[in-house]
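Data from model.txt: compact mmCIF, C-alpha atoms
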```txt
# COMPACT_ATOMS: atom_id res chain seq x y z
CA MET A 4 6.19 116.41 95.60
CA THR A 5 8.89 113.93 96.40
CA PRO A 6 9.46 112.93 100.02
CA GLU A 7 12.74 114.85 100.08
CA GLU A 8 10.99 118.04 99.01
CA ILE A 9 8.25 117.52 101.58
CA ALA A 10 10.82 116.97 104.32
CA ARG A 11 12.73 120.10 103.29
CA LEU A 12 9.51 122.14 103.27
CA LEU A 13 8.61 120.91 106.74
CA GLN A 14 12.06 121.65 108.09
CA ASP A 15 11.93 125.18 106.68
CA THR A 16 8.49 125.85 108.14
CA PHE A 17 8.96 124.16 111.52
CA PRO A 18 12.70 124.19 112.25
CA ASP A 19 12.33 123.21 115.90
CA ALA A 20 9.55 120.63 115.56
CA ILE A 21 11.24 118.26 113.08
CA THR A 22 13.86 116.37 115.00
CA ASP A 23 14.91 113.72 112.50
CA VAL A 24 14.59 112.90 108.83
CA ALA A 25 14.87 109.42 107.31
CA MET A 26 14.55 109.28 103.53
CA GLY A 27 16.41 106.08 102.74
CA THR A 28 13.83 103.67 104.12
CA PRO A 29 11.03 102.11 102.01
CA GLN A 30 8.64 104.40 103.88
CA PRO A 31 10.34 107.82 104.16
CA TYR A 32 9.44 109.62 107.36
CA VAL A 33 10.23 112.60 109.52
CA VAL A 34 10.21 112.59 113.29
CA VAL A 35 8.06 115.29 114.84
CA ALA A 36 8.15 116.38 118.47
CA ALA A 37 4.95 115.42 120.23
CA VAL A 38 4.11 118.85 121.62
CA ARG A 39 4.20 120.47 118.15
CA TRP A 40 2.49 117.64 116.31
CA PRO A 41 -1.01 119.20 115.92
CA GLN A 42 0.47 122.32 114.29
CA VAL A 43 2.46 120.23 111.86
CA ALA A 44 -0.60 118.06 111.20
CA TYR A 45 -2.79 121.02 110.27
CA PHE A 46 -0.03 122.31 108.03
CA LEU A 47 0.30 118.94 106.31
CA ARG A 48 -3.40 118.82 105.62
CA ASP A 49 -4.15 122.44 104.73
CA ASP A 50 -1.10 123.64 102.84
CA PRO A 51 -1.99 123.70 99.12
CA ARG A 52 1.37 122.31 98.07
CA LEU A 53 1.06 119.27 100.36
CA GLY A 54 -2.64 118.59 100.90
CA PHE A 55 -2.39 115.31 102.84
CA ASN A 56 -6.09 114.84 103.28
CA MET A 57 -6.14 111.18 104.31
CA LEU A 58 -4.59 109.36 107.20
CA ARG A 59 -4.25 105.86 105.80
CA CYS A 60 -2.98 104.17 108.95
CA LEU A 61 -1.75 104.87 112.44
CA SER A 62 0.60 102.23 113.81
CA GLY A 63 2.08 101.85 117.24
CA VAL A 64 5.61 100.61 117.77
CA ASP A 65 7.15 99.48 121.03
CA ARG A 66 10.90 99.98 121.33
CA PRO A 67 11.89 98.75 124.78
CA ALA A 68 15.61 99.03 124.05
CA LYS A 69 15.30 102.79 123.64
CA ASN A 70 12.51 103.00 126.21
CA GLU A 71 10.24 104.60 123.66
CA LEU A 72 6.82 104.15 122.13
CA GLU A 73 6.25 105.41 118.61
CA ALA A 74 3.18 106.32 116.65
CA VAL A 75 3.65 106.13 112.88
CA TYR A 76 1.20 108.15 110.82
CA ASP A 77 0.86 106.98 107.23
CA LEU A 78 -0.45 109.93 105.20
CA ILE A 79 -1.50 110.12 101.59
CA ALA A 80 -2.68 113.00 99.43
CA MET A 81 -5.73 111.91 97.44
CA ARG A 82 -6.31 113.72 94.15
CA PRO A 83 -8.77 113.11 91.34
CA ALA A 84 -6.96 111.42 88.47
CA ASP A 85 -8.60 113.63 85.86
CA ALA A 86 -11.35 116.19 85.85
CA GLY A 87 -13.90 114.11 83.89
CA PRO A 88 -17.22 112.82 85.25
CA ASP A 89 -15.76 109.35 85.90
CA ALA A 90 -12.78 110.76 87.78
CA TYR A 91 -11.37 108.37 90.33
CA TRP A 92 -9.05 109.34 93.12
CA LEU A 93 -5.38 108.45 93.26
CA ALA A 94 -2.80 108.76 95.98
CA ALA A 95 -0.75 111.58 94.53
CA SER A 96 1.93 111.52 97.18
CA VAL A 97 2.74 109.43 100.20
CA PHE A 98 4.46 110.43 103.39
CA ALA A 99 4.93 109.20 106.94
CA VAL A 100 5.39 110.94 110.27
CA VAL A 101 6.79 109.32 113.37
CA VAL A 102 6.10 110.71 116.84
CA ARG A 103 8.24 109.25 119.61
CA VAL A 104 7.36 109.44 123.27
CA ASP A 105 8.78 108.15 126.49
CA ARG A 106 7.61 104.69 127.51
CA ALA A 107 6.96 105.65 131.11
CA ARG A 108 4.56 108.45 130.29
CA PRO A 109 3.45 108.18 126.64
CA ARG A 110 1.29 111.18 125.74
CA ILE A 111 0.66 112.48 122.23
CA PRO A 112 -1.83 115.22 121.33
CA SER A 113 -4.73 113.78 119.39
CA VAL A 114 -5.18 114.62 115.71
CA ALA A 115 -8.72 113.28 115.48
CA GLY A 116 -9.82 116.78 114.56
CA VAL A 117 -7.44 116.85 111.61
CA TRP A 118 -8.14 113.45 110.05
CA PRO A 119 -11.35 111.57 110.97
CA ALA A 120 -9.58 108.22 110.60
CA ALA A 121 -7.45 109.06 113.61
CA ASP A 122 -10.42 108.62 115.92
CA TRP A 123 -10.56 104.82 115.94
CA HIS A 124 -6.87 104.35 115.15
CA GLU A 125 -5.89 106.33 118.24
CA ARG A 126 -8.31 104.31 120.35
CA GLU A 127 -6.64 101.16 119.06
CA ALA A 128 -3.15 102.52 119.72
CA TYR A 129 -4.19 103.28 123.27
CA ASP A 130 -5.85 99.92 123.73
CA LEU A 131 -2.87 97.87 122.59
CA PHE A 132 0.13 100.07 123.49
CA GLY A 133 -1.02 102.49 126.14
CA ILE A 134 -0.22 105.67 124.22
CA VAL A 135 -2.53 108.30 125.70
CA PHE A 136 -3.84 110.70 123.08
CA GLU A 137 -4.71 113.92 124.82
CA GLY A 138 -7.82 115.68 123.65
CA HIS A 139 -9.32 112.64 121.99
CA PRO A 140 -13.05 113.20 121.44
CA ASP A 141 -13.99 109.82 122.94
CA SER A 142 -12.04 109.93 126.20
CA VAL A 143 -13.05 108.35 129.46
CA GLU A 144 -11.79 108.92 132.98
CA ASP A 145 -10.83 106.04 135.22
CA HIS A 146 -8.00 104.91 137.48
CA ASP A 147 -5.58 105.25 134.56
CA GLY A 148 -6.46 108.91 134.14
CA LEU A 149 -8.14 110.51 131.15
CA HIS A 150 -7.55 108.32 128.10
CA PRO A 151 -9.28 107.30 124.88
CA ARG A 152 -11.88 104.57 125.26
CA ARG A 153 -10.64 101.10 124.49
CA ILE A 154 -11.84 99.70 121.20
CA LEU A 155 -10.82 96.03 120.97
CA CYS A 156 -10.33 94.78 124.50
CA PRO A 157 -13.06 95.08 127.12
CA ASP A 158 -13.21 98.34 129.05
CA ASP A 159 -11.93 96.75 132.24
CA TRP A 160 -8.97 95.01 130.61
CA ALA A 161 -5.70 95.30 132.51
CA GLY A 162 -2.54 96.04 130.59
CA TYR A 163 -1.61 96.79 127.02
CA PRO A 164 -1.31 93.55 125.04
CA LEU A 165 1.09 94.48 122.24
CA ARG A 166 3.83 95.74 124.49
CA LYS A 167 6.87 93.50 124.58
CA ASP A 168 6.66 92.99 128.33
CA TYR A 169 2.98 92.12 128.43
CA LEU A 170 1.97 89.32 130.81
CA PHE A 171 -0.97 87.20 129.76
CA PRO A 172 -3.93 87.28 132.10
CA ILE A 173 -4.29 84.31 134.41
CA GLU A 174 -8.02 84.68 134.46
CA TYR A 175 -10.69 87.17 133.46
CA HIS A 176 -13.97 87.31 135.34
CA GLY A 177 -13.58 83.71 136.39
CA ILE A 178 -12.68 82.30 132.99
CA PRO A 179 -9.22 80.71 133.06
CA GLY A 180 -6.82 82.55 130.84
CA THR A 181 -4.67 79.60 130.03
CA THR A 182 -4.93 75.85 130.09
CA GLU A 183 -1.91 75.91 132.38
CA TYR A 184 -4.21 77.26 135.03
CA GLU A 185 -2.94 76.95 138.57
CA MET A 186 0.34 75.47 137.42
CA PRO A 187 3.24 77.02 139.33
CA ASN A 188 5.30 78.02 136.26
CA PRO A 189 3.09 78.53 133.23
CA VAL A 190 5.04 78.81 130.01
CA HIS A 191 3.32 80.89 127.34
CA MET B 23 -41.47 65.93 132.37
CA SER B 24 -41.22 66.10 136.12
CA TRP B 25 -44.33 64.07 136.77
CA ILE B 26 -42.65 60.94 135.45
CA GLU B 27 -39.00 61.46 136.41
CA ASN B 28 -37.47 58.76 138.55
CA ARG B 29 -40.83 57.30 139.34
CA PHE B 30 -40.53 54.05 137.43
CA GLU B 31 -37.65 51.86 136.45
CA ASP B 32 -36.00 52.43 133.11
CA GLY B 33 -37.80 51.10 130.13
CA LEU B 34 -41.13 50.76 131.83
CA ILE B 35 -44.12 52.25 130.07
CA VAL B 36 -42.23 55.04 128.44
CA THR B 37 -40.28 53.23 125.74
CA SER B 38 -42.56 53.92 122.80
CA LEU B 39 -43.21 57.39 124.06
CA ASP B 40 -39.47 57.95 124.33
CA TRP B 41 -39.00 56.70 120.82
CA ALA B 42 -41.61 59.06 119.46
CA ILE B 43 -40.46 62.09 121.40
CA ASN B 44 -36.81 61.50 120.58
CA TRP B 45 -37.61 60.93 116.92
CA ALA B 46 -39.39 64.25 116.81
CA ARG B 47 -36.65 66.08 118.70
CA GLN B 48 -33.72 64.72 116.78
CA ASN B 49 -35.20 65.49 113.40
CA SER B 50 -36.08 69.09 114.18
CA ILE B 51 -33.05 70.53 115.88
CA TRP B 52 -33.31 74.22 115.18
CA PRO B 53 -29.98 75.98 115.55
CA VAL B 54 -29.48 79.58 116.56
CA THR B 55 -27.42 81.66 114.14
CA PHE B 56 -24.27 82.08 116.16
CA GLY B 57 -21.48 82.46 113.67
CA ILE B 58 -18.74 84.46 115.32
CA ALA B 59 -15.76 84.02 113.00
CA CYS B 60 -14.53 81.94 110.08
CA CYS B 61 -16.40 78.77 111.07
CA ALA B 62 -19.55 80.70 110.31
CA ILE B 63 -18.67 80.52 106.62
CA GLU B 64 -18.61 76.75 106.80
CA MET B 65 -21.86 76.79 108.72
CA MET B 66 -23.38 78.88 105.95
CA ALA B 67 -22.01 76.43 103.41
CA THR B 68 -23.64 73.62 105.32
CA GLY B 69 -26.91 75.48 105.24
CA ALA B 70 -26.64 76.13 101.52
CA SER B 71 -27.73 73.81 98.77
CA ARG B 72 -24.80 71.46 98.24
CA PHE B 73 -24.52 70.17 101.79
CA ASP B 74 -28.03 71.08 102.88
CA ILE B 75 -28.47 70.83 106.62
CA ASP B 76 -32.22 71.15 106.07
CA ARG B 77 -32.51 67.51 105.05
CA PHE B 78 -31.78 66.73 108.70
CA GLY B 79 -34.53 69.07 109.78
CA ALA B 80 -31.99 71.51 111.14
CA GLY B 81 -32.22 74.12 108.43
CA ALA B 82 -34.44 76.51 110.32
CA PHE B 83 -31.82 78.76 111.87
CA ARG B 84 -33.55 80.98 114.41
CA PRO B 85 -32.22 84.47 115.02
CA THR B 86 -33.31 84.40 118.63
CA PRO B 87 -32.03 81.85 121.15
CA ARG B 88 -35.42 81.65 122.78
CA GLN B 89 -36.78 79.65 119.87
CA ALA B 90 -33.74 77.48 119.24
CA ASP B 91 -32.65 74.04 120.42
CA LEU B 92 -29.01 74.01 119.41
CA MET B 93 -26.32 76.63 119.73
CA ILE B 94 -23.58 75.98 117.19
CA VAL B 95 -20.73 78.11 118.52
CA ALA B 96 -18.95 78.70 115.23
CA GLY B 97 -15.85 80.78 115.70
CA THR B 98 -13.32 82.06 118.18
CA VAL B 99 -14.78 83.16 121.49
CA THR B 100 -12.99 86.16 122.99
CA TYR B 101 -13.26 87.37 126.57
CA LYS B 102 -15.35 90.28 125.42
CA MET B 103 -17.75 87.88 123.73
CA ALA B 104 -17.78 85.37 126.57
CA SER B 105 -20.37 87.21 128.64
CA ARG B 106 -22.64 87.46 125.62
CA VAL B 107 -22.28 83.75 124.85
CA LYS B 108 -23.27 82.91 128.41
CA ARG B 109 -26.21 85.27 128.29
CA LEU B 110 -27.51 83.82 125.03
CA TYR B 111 -27.08 80.29 126.34
CA ASN B 112 -29.12 81.19 129.40
CA GLN B 113 -31.83 82.56 127.15
CA MET B 114 -32.29 79.24 125.41
CA ALA B 115 -35.10 77.04 126.70
CA ASP B 116 -34.62 73.43 127.78
CA PRO B 117 -33.88 70.97 126.23
CA LYS B 118 -30.91 72.72 124.69
CA TYR B 119 -27.67 71.50 123.22
CA VAL B 120 -24.38 73.14 122.39
CA MET B 121 -22.06 72.19 119.57
CA ALA B 122 -18.50 73.46 119.76
CA MET B 123 -17.61 73.89 116.10
CA GLY B 124 -14.04 74.36 115.06
CA ALA B 125 -10.71 74.19 116.82
CA CYS B 126 -11.09 77.54 118.57
CA THR B 127 -14.16 76.50 120.51
CA VAL B 128 -12.88 73.00 121.18
CA GLY B 129 -9.69 74.09 122.91
CA GLY B 130 -8.47 77.48 121.83
CA GLY B 131 -7.39 76.36 118.37
CA PRO B 132 -4.48 78.18 116.73
CA TYR B 133 -4.69 80.86 119.43
CA PHE B 134 -4.04 78.37 122.18
CA LYS B 135 -0.52 79.53 122.95
CA HIS B 136 -0.37 83.24 122.16
CA GLY B 137 -3.98 84.36 122.25
CA TYR B 138 -4.23 86.77 125.12
CA HIS B 139 -7.85 87.56 124.47
CA VAL B 140 -9.12 84.13 123.39
CA VAL B 141 -11.08 81.81 125.64
CA LYS B 142 -9.32 78.47 125.36
CA GLY B 143 -12.38 76.44 124.54
CA VAL B 144 -16.00 77.45 124.88
CA ASP B 145 -16.58 74.71 127.45
CA LEU B 146 -14.94 77.04 129.96
CA ILE B 147 -18.11 79.11 129.69
CA ILE B 148 -21.03 76.85 128.77
CA PRO B 149 -21.54 73.08 128.85
CA VAL B 150 -20.87 71.49 125.45
CA ASP B 151 -22.52 68.35 124.08
CA ILE B 152 -20.71 67.81 120.78
CA TYR B 153 -17.19 68.80 119.76
CA VAL B 154 -16.50 69.11 116.05
CA PRO B 155 -12.79 69.62 115.40
CA GLY B 156 -11.40 71.24 112.30
CA CYS B 157 -10.13 74.60 111.23
CA PRO B 158 -12.68 75.03 109.85
CA PRO B 159 -14.49 71.69 109.86
CA ARG B 160 -15.78 70.72 106.46
CA PRO B 161 -19.56 70.75 106.07
CA GLU B 162 -19.48 66.96 106.10
CA ALA B 163 -17.81 67.12 109.51
CA LEU B 164 -20.44 69.49 110.80
CA LEU B 165 -23.16 67.15 109.55
CA GLU B 166 -21.39 64.25 111.24
CA GLY B 167 -21.45 66.23 114.46
CA LEU B 168 -25.14 66.87 113.96
CA MET B 169 -25.78 63.17 113.44
CA ARG B 170 -23.84 62.32 116.60
CA LEU B 171 -26.02 64.82 118.41
CA GLN B 172 -29.04 63.03 116.99
CA ASP B 173 -27.66 59.78 118.42
CA LYS B 174 -27.27 61.49 121.77
CA ILE B 175 -30.86 62.65 121.68
CA ARG B 176 -32.00 59.17 120.71
CA ARG B 177 -30.51 57.84 123.93
CA GLU B 178 -32.50 60.25 126.09
CA THR B 179 -35.52 59.23 128.08
CA ILE B 180 -38.17 61.35 129.67
CA ALA B 181 -37.88 59.33 132.86
CA ARG B 182 -34.46 60.83 133.58
CA LYS B 183 -33.59 64.48 133.47
CA THR B 184 -30.60 65.05 131.21
CA THR B 185 -30.13 68.79 131.13
CA VAL B 186 -27.68 70.56 133.39
CA ARG B 187 -28.62 73.58 135.44
CA GLU B 188 -25.88 75.96 136.49
CA ASN B 189 -25.49 79.11 138.51
CA ASP B 190 -25.98 81.99 136.15
CA GLU B 191 -23.75 84.93 136.86
CA TRP B 192 -23.96 86.97 133.72
```

Encoded form (structure tokens):
Amino acid sequence: MTPEEIARLLQDTFPDAITDVAMGTPQPYVVVAAVRWPQVAYFLRDDPRLGFNMLRCLSGVDRPAKNELEAVYDLIAMRPADAGPDAYWLAASVFAVVVRVDRARPRIPSVAGVWPAADWHEREAYDLFGIVFEGHPDSVEDHDGLHPRRILCPDDWAGYPLRKDYLFPIEYHGIPGTTEYEMPNPVH
Amino acid sequence: MSWIENRFEDGLIVTSLDWAINWARQNSIWPVTFGIACCAIEMMATGASRFDIDRFGAGAFRPTPRQADLMIVAGTVTYKMASRVKRLYNQMADPKYVMAMGACTVGGGPYFKHGYHVVKGVDLIIPVDIYVPGCPPRPEALLEGLMRLQDKIRRETIARKTTVRENDEW
């Protein structure tokens, strides 16, 4: 199915969940409301016409001008190329979904139960952007609330490094964070 | 060698003994396999047949720091890894040496300006004896660093303690 057909099918099935459609970009996507995202995700995976059984990538995007954080889900439908014994799998169709949330309180329902790849990708998106994926299977509770466990930075890291307004740490457990240590105006 | 430290003047009695002990130590520096990132590839190349670190006696890479003399920190050290580096350094027995291999361990390397998670030089964590610059340093450069370390060991004497003891927090 072409991306336009997929977008039309989604809009017919979920008229209130699809808020925006962008087909002219190199990676065609639809924008899904965060609260309805798990329903749309199950539909994308289980519907026989679509069958997006693999989440190839989950990317986080920081848009400070619009005060939004985005999560971009790169989905592909893997099909066997032919039915023979040496059948290899091809990406039959490619689609993307964008979920936009407010930067002050970024919360997206987790789809780790839909695609297993979302488990670590959501942990990374939390670690580097601060998007809290509710219902993630590997969540921990601390002063930031209930959130997925960090995957790249240490568990007691402060801040979300890939945000545009991130301030570099001055020191971490006694190790200086910059060679401009104790200078009054460090320039990073 | 506490029974002889600072008891006699330099050069007295111990010169031949120094020569023998230093000759043995410098020609059997056993490194611990501590390849963290890309410099590990060059360390492996140095251990392989073309550049053969074993002809210096340093080809016996030990998996455990407790049996090793030299820690070649090969690769970028992150904050998450810093506590482990310190712990492994503490587990090495004296006399021990540290070689900072590659630009990242010497002073942060290419991540010096924008690396939020990179320790800007491993000497912020553990004391370093030899710095080998390069990104990554060629095997010849690593062998040059090893030979400089051998020179450093040759200058040691059992009448003076040369190792550094520090407060261990991690």

Taking (-39.2, 70.0, 118.0) in the file's coordinates, which residues come within 12 Å, counting all atoms listed in the file, written as a ChimeraX atom specification?
-> /B:42-53,79-80,82,89-92,115-118,175

Can those selected residues be exported to a file as a short mmCIF file (atom, residue, chain, number, x, y, z; two decimals), in the frame of the given file so that it contains C-alpha atoms?
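Saved the output as out-v9.cif:
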```
data_model
loop_
_atom_site.label_atom_id
_atom_site.label_comp_id
_atom_site.auth_asym_id
_atom_site.auth_seq_id
_atom_site.Cartn_x
_atom_site.Cartn_y
_atom_site.Cartn_z
CA ALA B 42 -41.61 59.06 119.46
CA ILE B 43 -40.46 62.09 121.40
CA ASN B 44 -36.81 61.50 120.58
CA TRP B 45 -37.61 60.93 116.92
CA ALA B 46 -39.39 64.25 116.81
CA ARG B 47 -36.65 66.08 118.70
CA GLN B 48 -33.72 64.72 116.78
CA ASN B 49 -35.20 65.49 113.40
CA SER B 50 -36.08 69.09 114.18
CA ILE B 51 -33.05 70.53 115.88
CA TRP B 52 -33.31 74.22 115.18
CA PRO B 53 -29.98 75.98 115.55
CA GLY B 79 -34.53 69.07 109.78
CA ALA B 80 -31.99 71.51 111.14
CA ALA B 82 -34.44 76.51 110.32
CA GLN B 89 -36.78 79.65 119.87
CA ALA B 90 -33.74 77.48 119.24
CA ASP B 91 -32.65 74.04 120.42
CA LEU B 92 -29.01 74.01 119.41
CA ALA B 115 -35.10 77.04 126.70
CA ASP B 116 -34.62 73.43 127.78
CA PRO B 117 -33.88 70.97 126.23
CA LYS B 118 -30.91 72.72 124.69
CA ILE B 175 -30.86 62.65 121.68
#
```

Leaving out Asn70 in chain A and any residue of its chain fewer than 5 positions from it, which residues lie within 10 Å of it when counting all atoms listed in the file, given as a list in words?
->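 My reading of the contact set: Asp65, Val104, Asp105, Arg106 and Ala107 of chain A.
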
Which one of A:Tyr163, A:Leu93, A:Cys156, A:Ala80 sits closest to chain B if you count only C-alpha atoms?
->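 Checking each of A:Tyr163, A:Leu93, A:Cys156, A:Ala80 against chain B, counting only C-alpha atoms, the winner is A:Cys156.
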
So which one's closest to chain A, B:Ile147, B:Arg182, B:Asp173, B:Tyr153? Using all atoms listed in the file, please.
->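 Answer, going by the shortest atom-to-atom distance: B:Ile147.
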
Can you pull out every residue within 12 Å of range 31-40 of chain A, counting all atoms listed in the file, but drop anything in the same chain fewer than 6 positions away, and send it as JSON, numbers by chain?
-> {"A": [5, 6, 7, 8, 9, 10, 11, 12, 13, 14, 17, 18, 19, 20, 21, 22, 23, 24, 25, 46, 47, 72, 73, 74, 75, 76, 77, 78, 96, 97, 98, 99, 100, 101, 102, 103, 104, 105, 109, 110, 111, 112, 113, 114, 117, 134, 135, 136, 137]}

Enter the distance from CA of Leu110 in chain B to CA of Gly177 in chain A, in Å, rounded to one decimal.
-> 18.0 Å

Find the residues near range 122-132 of chain B: any atom within 8 Å, counting only C-alpha atoms, skip ones fewer than 3 places away on the same chain, and give them as JSON, numbers by chain.
-> {"B": [61, 94, 95, 96, 97, 98, 99, 135, 140, 141, 142, 143, 144, 145, 150, 151, 152, 153, 154, 155, 156, 157, 158, 159, 164]}

Two-atom distance - CA of Pro179 in chain A, CA of Ile154 in chain A (Å) = 22.5 Å
